[in-house]
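Visitor: Can you keep this structure in mind? I'll have questions shortly.
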Amino acid sequence: MDGTVTRIDRPASTSGYLADEIVPVRHAIIEIRESDDIFDDSYGETTTDDDGYYSFSFCDDDGLNSTLELYLQLTAEIRVNGHYVVNVQDISWLDEIYRYETDIWESDGGHTTANVELTRGQSAIFNMAEAVLDAWTFWNASGGAPGEDSIFDPEAEVLYEPGWGYDNSFFDRY
C-alpha cells in the first residue's frame with residue numbers, strides 16, 4: 001500500500017495572500033488501521049517523506065478470511081529520522097494531538113494506493129506543524145546559536161483551538 005498526503009497552503013506575499021497551492025505533508029505520522037466491531041487493529045505506522053509519500057507492507061489476511069475494512073489515521077506530529085520535532089494539540093478539554101481518519105475502504109488484498117487530501121481546516125493544523133519544522137530544520141542546519149548548544153533537540157508543542165474562548169487562540173503564518 002502506498003500514497004501521498006497533501007495539504008492546502010496559502011502563500012503570503014508583500015501584497016497579500018497568493019492563490020492556494022497543494023503541497024505535500026512532510027514527515028507526518030500515518031498509521032494503517034482496520035475497522036472492527038469490537039476494537040480497531042493497527043497494521044503499523046510510518047512517516048511521510050519530503051514529498052508526502054508513504055508506503056506500508058503488511059499481511060492483508062485478518063485470519064478470518066474476510067474482506068478488510070481499512071482506513072488511515074494521520075497524526076499532527078512530525079518526526080524526522082526518528083526524532084520528534086513538533087506536535088499540534090487541541091486545547092479544548094483534553095490536550096490531545098490532532099488526528100484525522102480517512103473514510104473506510106474495503107480490500108480483499110493486493111496493492112492499494114490511497115492518496116489523502118486534507119481539508120482547509122485540517123491543512124491549517126499541518127501548516128502550523130510545517131512552520132515549526134521549517135524553523136527547526138533551518139536552526140539545526142545553520143549551526144544554531146554561536147557558542148551554545150547548536151542543535152535544538154526537544155519536541156515543540158503547538159496548542160491550538162480556534163475560537164474556544166481564548167483571545168490569543170489564532171495562527172498567523174507570518
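By order of appearance in the C-alpha cells: chains A, B, ..., then residues from 1 within every chain, and ligands from 1 in the order shown.
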Mind checking which residues fall within 7 Å of segment 109-125 of chain A, counting only C-alpha atoms, ignoring those fewer than 4 positions away in the same chain, and posting them as a PyMOL selection string?
Guide: chain A and resi 1-8+60+88+129
Visitor: Could you give me, as a VMD selection string, each residue of segment 37-167 of chain A that DSSP assigns to strand (DSSP E or B) when run on this structure's backbone?
Guide: chain A and resid 41 to 47 53 to 55 68 to 80 83 to 90 96 to 97 99 to 101 105 to 107 113 116 to 117 156 to 160
Visitor: Just the residues within 8 Å of Ser107 of chain A, please, counting only C-alpha atoms, with nothing from its chain fewer than 2 positions along; format it as a PyMOL selection string.
Guide: chain A and resi 67-70+105+109-110
Visitor: Write the selection just made, keeping N, CA and C atoms, as an mmCIF file, in the first residue's frame?
Guide:
data_model
loop_
_atom_site.group_PDB
_atom_site.id
_atom_site.type_symbol
_atom_site.label_atom_id
_atom_site.label_comp_id
_atom_site.auth_asym_id
_atom_site.auth_seq_id
_atom_site.Cartn_x
_atom_site.Cartn_y
_atom_site.Cartn_z
ATOM 1 N N THR A 67 -13.042 -9.780 4.038
ATOM 2 C CA THR A 67 -12.631 -8.518 3.447
ATOM 3 C C THR A 67 -12.203 -7.568 4.562
ATOM 4 N N LEU A 68 -11.095 -6.863 4.344
ATOM 5 C CA LEU A 68 -10.615 -5.906 5.335
ATOM 6 C C LEU A 68 -11.290 -4.554 5.121
ATOM 7 N N GLU A 69 -11.651 -3.906 6.207
ATOM 8 C CA GLU A 69 -12.177 -2.543 6.174
ATOM 9 C C GLU A 69 -11.056 -1.655 6.696
ATOM 10 N N LEU A 70 -10.332 -1.025 5.786
ATOM 11 C CA LEU A 70 -9.127 -0.279 6.133
ATOM 12 C C LEU A 70 -9.372 1.223 6.142
ATOM 13 N N TRP A 105 -12.289 1.964 3.402
ATOM 14 C CA TRP A 105 -12.449 1.283 2.125
ATOM 15 C C TRP A 105 -12.216 -0.203 2.336
ATOM 16 N N GLY A 109 -7.160 -7.695 -0.472
ATOM 17 C CA GLY A 109 -5.732 -7.977 -0.575
ATOM 18 C C GLY A 109 -5.132 -7.352 -1.816
ATOM 19 N N GLY A 110 -3.825 -7.446 -1.908
ATOM 20 C CA GLY A 110 -3.114 -6.876 -3.043
ATOM 21 C C GLY A 110 -2.747 -5.425 -2.811
#
Visitor: Take atom CA of Leu159 of chain A and atom CA of Ile78 of chain A and report the distance between them in Å, one decimal.
Guide: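 If I compute the distance from atom CA of Leu159 of chain A to atom CA of Ile78 of chain A, I get 14.6 Å.
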Visitor: Interatomic distance between atom CA of Pro11 of chain A and atom CA of Asp51 of chain A?
Guide: 17.9 Å
Visitor: Using only C-alpha atoms, determine which residues lie at most 12 Å from Ala131 of chain A, disregarding the query and same-chain residues fewer than 3 positions distant; provide the list as a PyMOL selection string.
Guide: chain A and resi 9+11+25-26+78+85-88+124-128+134-138+156+158+171-174
Visitor: Produce a file of the selected residues containing N, CA and C atoms, as a PDB file, in the first residue's frame.
Guide:
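In the end it all went to part-v5.pdb:
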ATOM      1  N   ASP A   9      -1.973  25.046   1.056  1.00  0.00           N
ATOM      2  CA  ASP A   9      -1.119  26.103   1.593  1.00  0.00           C
ATOM      3  C   ASP A   9      -1.516  27.408   0.913  1.00  0.00           C
ATOM      4  N   PRO A  11       0.271  30.738   0.313  1.00  0.00           N
ATOM      5  CA  PRO A  11       1.494  31.534   0.453  1.00  0.00           C
ATOM      6  C   PRO A  11       1.183  33.022   0.610  1.00  0.00           C
ATOM      7  N   VAL A  25       2.433  16.970   2.734  1.00  0.00           N
ATOM      8  CA  VAL A  25       2.550  16.937   4.192  1.00  0.00           C
ATOM      9  C   VAL A  25       3.822  16.143   4.479  1.00  0.00           C
ATOM     10  N   ARG A  26       4.835  16.837   4.989  1.00  0.00           N
ATOM     11  CA  ARG A  26       6.156  16.233   5.171  1.00  0.00           C
ATOM     12  C   ARG A  26       6.330  15.664   6.575  1.00  0.00           C
ATOM     13  N   ILE A  78       5.151  15.555  13.823  1.00  0.00           N
ATOM     14  CA  ILE A  78       6.199  15.495  12.814  1.00  0.00           C
ATOM     15  C   ILE A  78       7.416  14.788  13.408  1.00  0.00           C
ATOM     16  N   VAL A  85       9.783  16.229  16.288  1.00  0.00           N
ATOM     17  CA  VAL A  85      10.058  17.653  16.135  1.00  0.00           C
ATOM     18  C   VAL A  85       8.946  18.500  16.750  1.00  0.00           C
ATOM     19  N   VAL A  86       7.686  18.212  16.402  1.00  0.00           N
ATOM     20  CA  VAL A  86       6.569  19.039  16.861  1.00  0.00           C
ATOM     21  C   VAL A  86       5.279  18.228  16.816  1.00  0.00           C
ATOM     22  N   ASN A  87       4.368  18.566  17.720  1.00  0.00           N
ATOM     23  CA  ASN A  87       3.001  18.061  17.610  1.00  0.00           C
ATOM     24  C   ASN A  87       2.051  19.235  17.819  1.00  0.00           C
ATOM     25  N   VAL A  88       0.858  19.116  17.260  1.00  0.00           N
ATOM     26  CA  VAL A  88      -0.161  20.155  17.394  1.00  0.00           C
ATOM     27  C   VAL A  88      -1.307  19.560  18.194  1.00  0.00           C
ATOM     28  N   ALA A 124      -4.808  23.647   8.010  1.00  0.00           N
ATOM     29  CA  ALA A 124      -4.353  24.682   8.942  1.00  0.00           C
ATOM     30  C   ALA A 124      -3.514  24.081  10.063  1.00  0.00           C
ATOM     31  N   ILE A 125      -3.934  22.930  10.574  1.00  0.00           N
ATOM     32  CA  ILE A 125      -3.190  22.265  11.647  1.00  0.00           C
ATOM     33  C   ILE A 125      -1.802  21.874  11.157  1.00  0.00           C
ATOM     34  N   PHE A 126      -1.736  21.290   9.975  1.00  0.00           N
ATOM     35  CA  PHE A 126      -0.440  20.860   9.447  1.00  0.00           C
ATOM     36  C   PHE A 126       0.395  22.029   8.937  1.00  0.00           C
ATOM     37  N   ASN A 127      -0.228  23.154   8.583  1.00  0.00           N
ATOM     38  CA  ASN A 127       0.539  24.348   8.234  1.00  0.00           C
ATOM     39  C   ASN A 127       1.308  24.854   9.452  1.00  0.00           C
ATOM     40  N   MET A 128       0.699  24.767  10.634  1.00  0.00           N
ATOM     41  CA  MET A 128       1.405  25.156  11.860  1.00  0.00           C
ATOM     42  C   MET A 128       2.599  24.240  12.103  1.00  0.00           C
ATOM     43  N   ASP A 134      10.049  23.839   9.507  1.00  0.00           N
ATOM     44  CA  ASP A 134      10.964  24.693   8.740  1.00  0.00           C
ATOM     45  C   ASP A 134      11.934  25.436   9.656  1.00  0.00           C
ATOM     46  N   ALA A 135      11.437  25.976  10.764  1.00  0.00           N
ATOM     47  CA  ALA A 135      12.304  26.686  11.709  1.00  0.00           C
ATOM     48  C   ALA A 135      13.318  25.738  12.339  1.00  0.00           C
ATOM     49  N   TRP A 136      12.877  24.553  12.746  1.00  0.00           N
ATOM     50  CA  TRP A 136      13.750  23.540  13.352  1.00  0.00           C
ATOM     51  C   TRP A 136      14.844  23.128  12.376  1.00  0.00           C
ATOM     52  N   THR A 137      14.459  22.890  11.121  1.00  0.00           N
ATOM     53  CA  THR A 137      15.420  22.479  10.095  1.00  0.00           C
ATOM     54  C   THR A 137      16.432  23.584   9.829  1.00  0.00           C
ATOM     55  N   PHE A 138      15.966  24.824   9.691  1.00  0.00           N
ATOM     56  CA  PHE A 138      16.863  25.950   9.441  1.00  0.00           C
ATOM     57  C   PHE A 138      17.842  26.141  10.599  1.00  0.00           C
ATOM     58  N   ALA A 156       8.705  20.370  20.137  1.00  0.00           N
ATOM     59  CA  ALA A 156       7.861  21.539  20.365  1.00  0.00           C
ATOM     60  C   ALA A 156       6.399  21.103  20.392  1.00  0.00           C
ATOM     61  N   VAL A 158       2.516  22.752  19.835  1.00  0.00           N
ATOM     62  CA  VAL A 158       1.669  23.864  19.433  1.00  0.00           C
ATOM     63  C   VAL A 158       0.291  23.580  20.010  1.00  0.00           C
ATOM     64  N   PHE A 171      -3.727  31.544  14.588  1.00  0.00           N
ATOM     65  CA  PHE A 171      -2.490  31.237  13.885  1.00  0.00           C
ATOM     66  C   PHE A 171      -2.325  32.218  12.753  1.00  0.00           C
ATOM     67  N   ASP A 172      -1.179  32.849  12.706  1.00  0.00           N
ATOM     68  CA  ASP A 172      -0.821  33.732  11.613  1.00  0.00           C
ATOM     69  C   ASP A 172       0.477  33.187  11.044  1.00  0.00           C
ATOM     70  N   ARG A 173       0.443  32.744   9.790  1.00  0.00           N
ATOM     71  CA  ARG A 173       1.604  32.083   9.197  1.00  0.00           C
ATOM     72  C   ARG A 173       2.847  32.952   9.282  1.00  0.00           C
ATOM     73  N   TYR A 174       2.714  34.274   9.209  1.00  0.00           N
ATOM     74  CA  TYR A 174       3.894  35.138   9.240  1.00  0.00           C
ATOM     75  C   TYR A 174       3.777  36.178  10.313  1.00  0.00           C
TER      76      TYR A 174
END
Visitor: With distances taken over only C-alpha atoms, which residue among A:Ile38, A:Val132, A:Ile22, A:Ala12 lies nearest Tyr84 of chain A?
Guide: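 Residue with the minimum atom-to-atom distance to Tyr84 of chain A: A:Val132.
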Visitor: Quote the spacing between atom CA of Gly44 of chain A and atom CA of Tyr100 of chain A in Å to one decimal place.
Guide: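 Here the two named atoms are 16.0 Å from each other.
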